[in-house]
Amino acid sequence: MAQKKGGGNKAFWPLIGFILAVALGVLGYALAPVVINAVPDLRFGSLTGDQLRLAVAGIIFLILGAIVVMILAFAAPKRNPMDQITEKSLQEQRLLRNKRRLAKKQREADMKRQARKR
């Protein structure tokens with residue numbers, strides 16, 4: 001029978017995600033002036049300096065968030081379908097298969113009897 005493995009408390013995952021999002025937002029806001037100065041042609045129409053900084057910070061936030069999501073997707077443990085199989089479910093499936101087999105034999109026998117009567 002499959003044993004349960006410890007994987008941490010899942011109740012805190014939303015809190016960790018929120019903290020991660022806030023940290024990425026702060027990091028994006030801090031890196032925005034560096035990106036604005038590194039790319040001299042970076043102008044979004046008639047945006048003021050603060051609006052431009054927020055726009056670039058939002059883009060950096062989205063890029064960093066996408067990187068984090070990809071890392072989590074690759075690092076997340078995959079569920080093994082064999083862990084879901086139990087001895088009880090195997091017995092139930094065997095019993096069901098045997099019932100179907102007997103019902104099929106019974107139908108075939110009934111059809112043969114009907115054919116002989118005609």
# chains A, B, ... in the order shown; residues from 1 in each chain; ligands from 1
call {"tool": "residues_around", "arguments": {"residues": "range 48-56 of chain A", "least_positions_apart": "3", "cutoff": "12 Å", "atoms": "only C-alpha atoms", "output": "mmCIF file with C-alpha atoms, in the first residue's frame"}}
result
data_model
loop_
_atom_site.group_PDB
_atom_site.id
_atom_site.type_symbol
_atom_site.label_atom_id
_atom_site.label_comp_id
_atom_site.auth_asym_id
_atom_site.auth_seq_id
_atom_site.Cartn_x
_atom_site.Cartn_y
_atom_site.Cartn_z
ATOM 1 C CA GLY A 25 6.782 43.634 -7.369
ATOM 2 C CA VAL A 26 9.320 45.370 -5.139
ATOM 3 C CA LEU A 27 12.164 43.921 -7.201
ATOM 4 C CA GLY A 28 10.530 45.081 -10.422
ATOM 5 C CA TYR A 29 9.964 48.574 -9.026
ATOM 6 C CA ALA A 30 13.609 48.744 -7.880
ATOM 7 C CA LEU A 31 14.949 47.540 -11.243
ATOM 8 C CA ALA A 32 12.747 49.828 -13.341
ATOM 9 C CA PRO A 33 15.078 52.873 -13.293
ATOM 10 C CA VAL A 34 18.017 50.680 -14.299
ATOM 11 C CA VAL A 35 16.071 49.344 -17.279
ATOM 12 C CA ILE A 36 14.839 52.818 -18.245
ATOM 13 C CA ASN A 37 18.402 54.178 -18.206
ATOM 14 C CA VAL A 39 17.318 51.465 -22.918
ATOM 15 C CA LEU A 42 12.198 53.505 -23.998
ATOM 16 C CA ARG A 43 9.314 55.984 -24.068
ATOM 17 C CA PHE A 44 5.649 55.066 -23.857
ATOM 18 C CA GLY A 45 3.986 58.036 -25.507
ATOM 19 C CA ILE A 59 6.604 44.433 -17.298
ATOM 20 C CA ILE A 60 9.550 43.307 -15.145
ATOM 21 C CA PHE A 61 7.084 41.841 -12.618
ATOM 22 C CA LEU A 62 5.362 39.834 -15.356
ATOM 23 C CA ILE A 63 8.657 38.546 -16.739
#
call {"tool": "residues_around", "arguments": {"residues": "Gly17 in chain A", "least_positions_apart": "5", "cutoff": "12 Å", "atoms": "only C-alpha atoms", "output": "PDB file with C-alpha atoms, in the first residue's frame"}}
result
ATOM      1  CA  LYS A  10      -0.277  23.239   1.934  1.00  0.00           C
ATOM      2  CA  ALA A  11      -2.349  25.695   3.952  1.00  0.00           C
ATOM      3  CA  PHE A  12       0.473  28.244   3.802  1.00  0.00           C
ATOM      4  CA  VAL A  22       5.041  41.271  -3.322  1.00  0.00           C
ATOM      5  CA  ALA A  23       8.794  40.545  -3.449  1.00  0.00           C
ATOM      6  CA  LEU A  24       8.722  40.360  -7.251  1.00  0.00           C
ATOM      7  CA  GLY A  65       6.588  35.948 -12.465  1.00  0.00           C
ATOM      8  CA  VAL A  68       9.126  31.690 -11.295  1.00  0.00           C
ATOM      9  CA  VAL A  69       6.081  29.835 -12.648  1.00  0.00           C
ATOM     10  CA  LEU A  72       7.877  25.776 -10.146  1.00  0.00           C
TER      11      LEU A  72
END
call {"tool": "select_by_dssp", "arguments": {"residues": "chain A", "states": "helix (DSSP H, G or I)", "output": "PyMOL selection string"}}
result
chain A and resi 10-38+49-75+81-84+87-117
call {"tool": "write_last_selection", "arguments": {"atoms": "C-alpha atoms", "output": "PDB file, in the first residue's frame"}}
result
ATOM      1  CA  LYS A  10      -0.277  23.239   1.934  1.00  0.00           C
ATOM      2  CA  ALA A  11      -2.349  25.695   3.952  1.00  0.00           C
ATOM      3  CA  PHE A  12       0.473  28.244   3.802  1.00  0.00           C
ATOM      4  CA  TRP A  13       1.033  28.070   0.017  1.00  0.00           C
ATOM      5  CA  PRO A  14      -1.281  31.023  -0.748  1.00  0.00           C
ATOM      6  CA  LEU A  15       0.564  33.126   1.826  1.00  0.00           C
ATOM      7  CA  ILE A  16       3.923  32.146   0.352  1.00  0.00           C
ATOM      8  CA  GLY A  17       2.624  32.994  -3.125  1.00  0.00           C
ATOM      9  CA  PHE A  18       1.449  36.403  -1.950  1.00  0.00           C
ATOM     10  CA  ILE A  19       4.806  37.125  -0.301  1.00  0.00           C
ATOM     11  CA  LEU A  20       6.569  36.027  -3.495  1.00  0.00           C
ATOM     12  CA  ALA A  21       4.357  38.307  -5.606  1.00  0.00           C
ATOM     13  CA  VAL A  22       5.041  41.271  -3.322  1.00  0.00           C
ATOM     14  CA  ALA A  23       8.794  40.545  -3.449  1.00  0.00           C
ATOM     15  CA  LEU A  24       8.722  40.360  -7.251  1.00  0.00           C
ATOM     16  CA  GLY A  25       6.782  43.634  -7.369  1.00  0.00           C
ATOM     17  CA  VAL A  26       9.320  45.370  -5.139  1.00  0.00           C
ATOM     18  CA  LEU A  27      12.164  43.921  -7.201  1.00  0.00           C
ATOM     19  CA  GLY A  28      10.530  45.081 -10.422  1.00  0.00           C
ATOM     20  CA  TYR A  29       9.964  48.574  -9.026  1.00  0.00           C
ATOM     21  CA  ALA A  30      13.609  48.744  -7.880  1.00  0.00           C
ATOM     22  CA  LEU A  31      14.949  47.540 -11.243  1.00  0.00           C
ATOM     23  CA  ALA A  32      12.747  49.828 -13.341  1.00  0.00           C
ATOM     24  CA  PRO A  33      15.078  52.873 -13.293  1.00  0.00           C
ATOM     25  CA  VAL A  34      18.017  50.680 -14.299  1.00  0.00           C
ATOM     26  CA  VAL A  35      16.071  49.344 -17.279  1.00  0.00           C
ATOM     27  CA  ILE A  36      14.839  52.818 -18.245  1.00  0.00           C
ATOM     28  CA  ASN A  37      18.402  54.178 -18.206  1.00  0.00           C
ATOM     29  CA  ALA A  38      19.781  51.108 -20.029  1.00  0.00           C
ATOM     30  CA  GLY A  49       8.358  59.642 -15.162  1.00  0.00           C
ATOM     31  CA  ASP A  50       6.418  57.881 -12.399  1.00  0.00           C
ATOM     32  CA  GLN A  51       3.974  56.322 -14.865  1.00  0.00           C
ATOM     33  CA  LEU A  52       6.862  55.094 -17.011  1.00  0.00           C
ATOM     34  CA  ARG A  53       8.548  53.609 -13.955  1.00  0.00           C
ATOM     35  CA  LEU A  54       5.332  51.793 -12.955  1.00  0.00           C
ATOM     36  CA  ALA A  55       4.814  50.508 -16.512  1.00  0.00           C
ATOM     37  CA  VAL A  56       8.360  49.157 -16.725  1.00  0.00           C
ATOM     38  CA  ALA A  57       8.063  47.722 -13.193  1.00  0.00           C
ATOM     39  CA  GLY A  58       4.869  45.927 -14.267  1.00  0.00           C
ATOM     40  CA  ILE A  59       6.604  44.433 -17.298  1.00  0.00           C
ATOM     41  CA  ILE A  60       9.550  43.307 -15.145  1.00  0.00           C
ATOM     42  CA  PHE A  61       7.084  41.841 -12.618  1.00  0.00           C
ATOM     43  CA  LEU A  62       5.362  39.834 -15.356  1.00  0.00           C
ATOM     44  CA  ILE A  63       8.657  38.546 -16.739  1.00  0.00           C
ATOM     45  CA  LEU A  64       9.951  37.541 -13.291  1.00  0.00           C
ATOM     46  CA  GLY A  65       6.588  35.948 -12.465  1.00  0.00           C
ATOM     47  CA  ALA A  66       6.710  33.900 -15.654  1.00  0.00           C
ATOM     48  CA  ILE A  67      10.215  32.707 -14.809  1.00  0.00           C
ATOM     49  CA  VAL A  68       9.126  31.690 -11.295  1.00  0.00           C
ATOM     50  CA  VAL A  69       6.081  29.835 -12.648  1.00  0.00           C
ATOM     51  CA  MET A  70       8.236  27.915 -15.129  1.00  0.00           C
ATOM     52  CA  ILE A  71      10.712  26.961 -12.398  1.00  0.00           C
ATOM     53  CA  LEU A  72       7.877  25.776 -10.146  1.00  0.00           C
ATOM     54  CA  ALA A  73       6.297  23.802 -12.981  1.00  0.00           C
ATOM     55  CA  PHE A  74       9.535  21.958 -13.655  1.00  0.00           C
ATOM     56  CA  ALA A  75      10.381  21.448  -9.978  1.00  0.00           C
ATOM     57  CA  PRO A  81      -0.613   7.064 -10.863  1.00  0.00           C
ATOM     58  CA  MET A  82       0.560   3.841  -9.240  1.00  0.00           C
ATOM     59  CA  ASP A  83       0.206   5.506  -5.822  1.00  0.00           C
ATOM     60  CA  GLN A  84      -3.567   5.652  -6.306  1.00  0.00           C
ATOM     61  CA  GLU A  87      -5.580  -3.739  -3.080  1.00  0.00           C
ATOM     62  CA  LYS A  88      -9.246  -3.015  -2.407  1.00  0.00           C
ATOM     63  CA  SER A  89      -9.718  -1.263  -5.759  1.00  0.00           C
ATOM     64  CA  LEU A  90      -7.988  -4.146  -7.549  1.00  0.00           C
ATOM     65  CA  GLN A  91     -10.340  -6.623  -5.880  1.00  0.00           C
ATOM     66  CA  GLU A  92     -13.362  -4.513  -6.812  1.00  0.00           C
ATOM     67  CA  GLN A  93     -12.201  -4.367 -10.434  1.00  0.00           C
ATOM     68  CA  ARG A  94     -11.635  -8.135 -10.490  1.00  0.00           C
ATOM     69  CA  LEU A  95     -15.093  -8.727  -9.056  1.00  0.00           C
ATOM     70  CA  LEU A  96     -16.684  -6.388 -11.607  1.00  0.00           C
ATOM     71  CA  ARG A  97     -14.792  -8.055 -14.467  1.00  0.00           C
ATOM     72  CA  ASN A  98     -15.958 -11.489 -13.309  1.00  0.00           C
ATOM     73  CA  LYS A  99     -19.575 -10.286 -13.055  1.00  0.00           C
ATOM     74  CA  ARG A 100     -19.384  -8.916 -16.604  1.00  0.00           C
ATOM     75  CA  ARG A 101     -17.866 -12.146 -17.865  1.00  0.00           C
ATOM     76  CA  LEU A 102     -20.636 -14.210 -16.247  1.00  0.00           C
ATOM     77  CA  ALA A 103     -23.314 -11.847 -17.587  1.00  0.00           C
ATOM     78  CA  LYS A 104     -21.846 -12.167 -21.094  1.00  0.00           C
ATOM     79  CA  LYS A 105     -21.846 -15.968 -20.862  1.00  0.00           C
ATOM     80  CA  GLN A 106     -25.431 -15.883 -19.627  1.00  0.00           C
ATOM     81  CA  ARG A 107     -26.505 -13.663 -22.552  1.00  0.00           C
ATOM     82  CA  GLU A 108     -24.747 -15.947 -25.023  1.00  0.00           C
ATOM     83  CA  ALA A 109     -26.418 -18.998 -23.501  1.00  0.00           C
ATOM     84  CA  ASP A 110     -29.822 -17.266 -23.649  1.00  0.00           C
ATOM     85  CA  MET A 111     -29.264 -16.352 -27.300  1.00  0.00           C
ATOM     86  CA  LYS A 112     -28.335 -19.960 -28.125  1.00  0.00           C
ATOM     87  CA  ARG A 113     -31.474 -21.219 -26.387  1.00  0.00           C
ATOM     88  CA  GLN A 114     -33.601 -18.696 -28.284  1.00  0.00           C
ATOM     89  CA  ALA A 115     -31.992 -19.768 -31.564  1.00  0.00           C
ATOM     90  CA  ARG A 116     -32.713 -23.492 -30.853  1.00  0.00           C
ATOM     91  CA  LYS A 117     -36.361 -22.799 -30.042  1.00  0.00           C
TER      92      LYS A 117
END
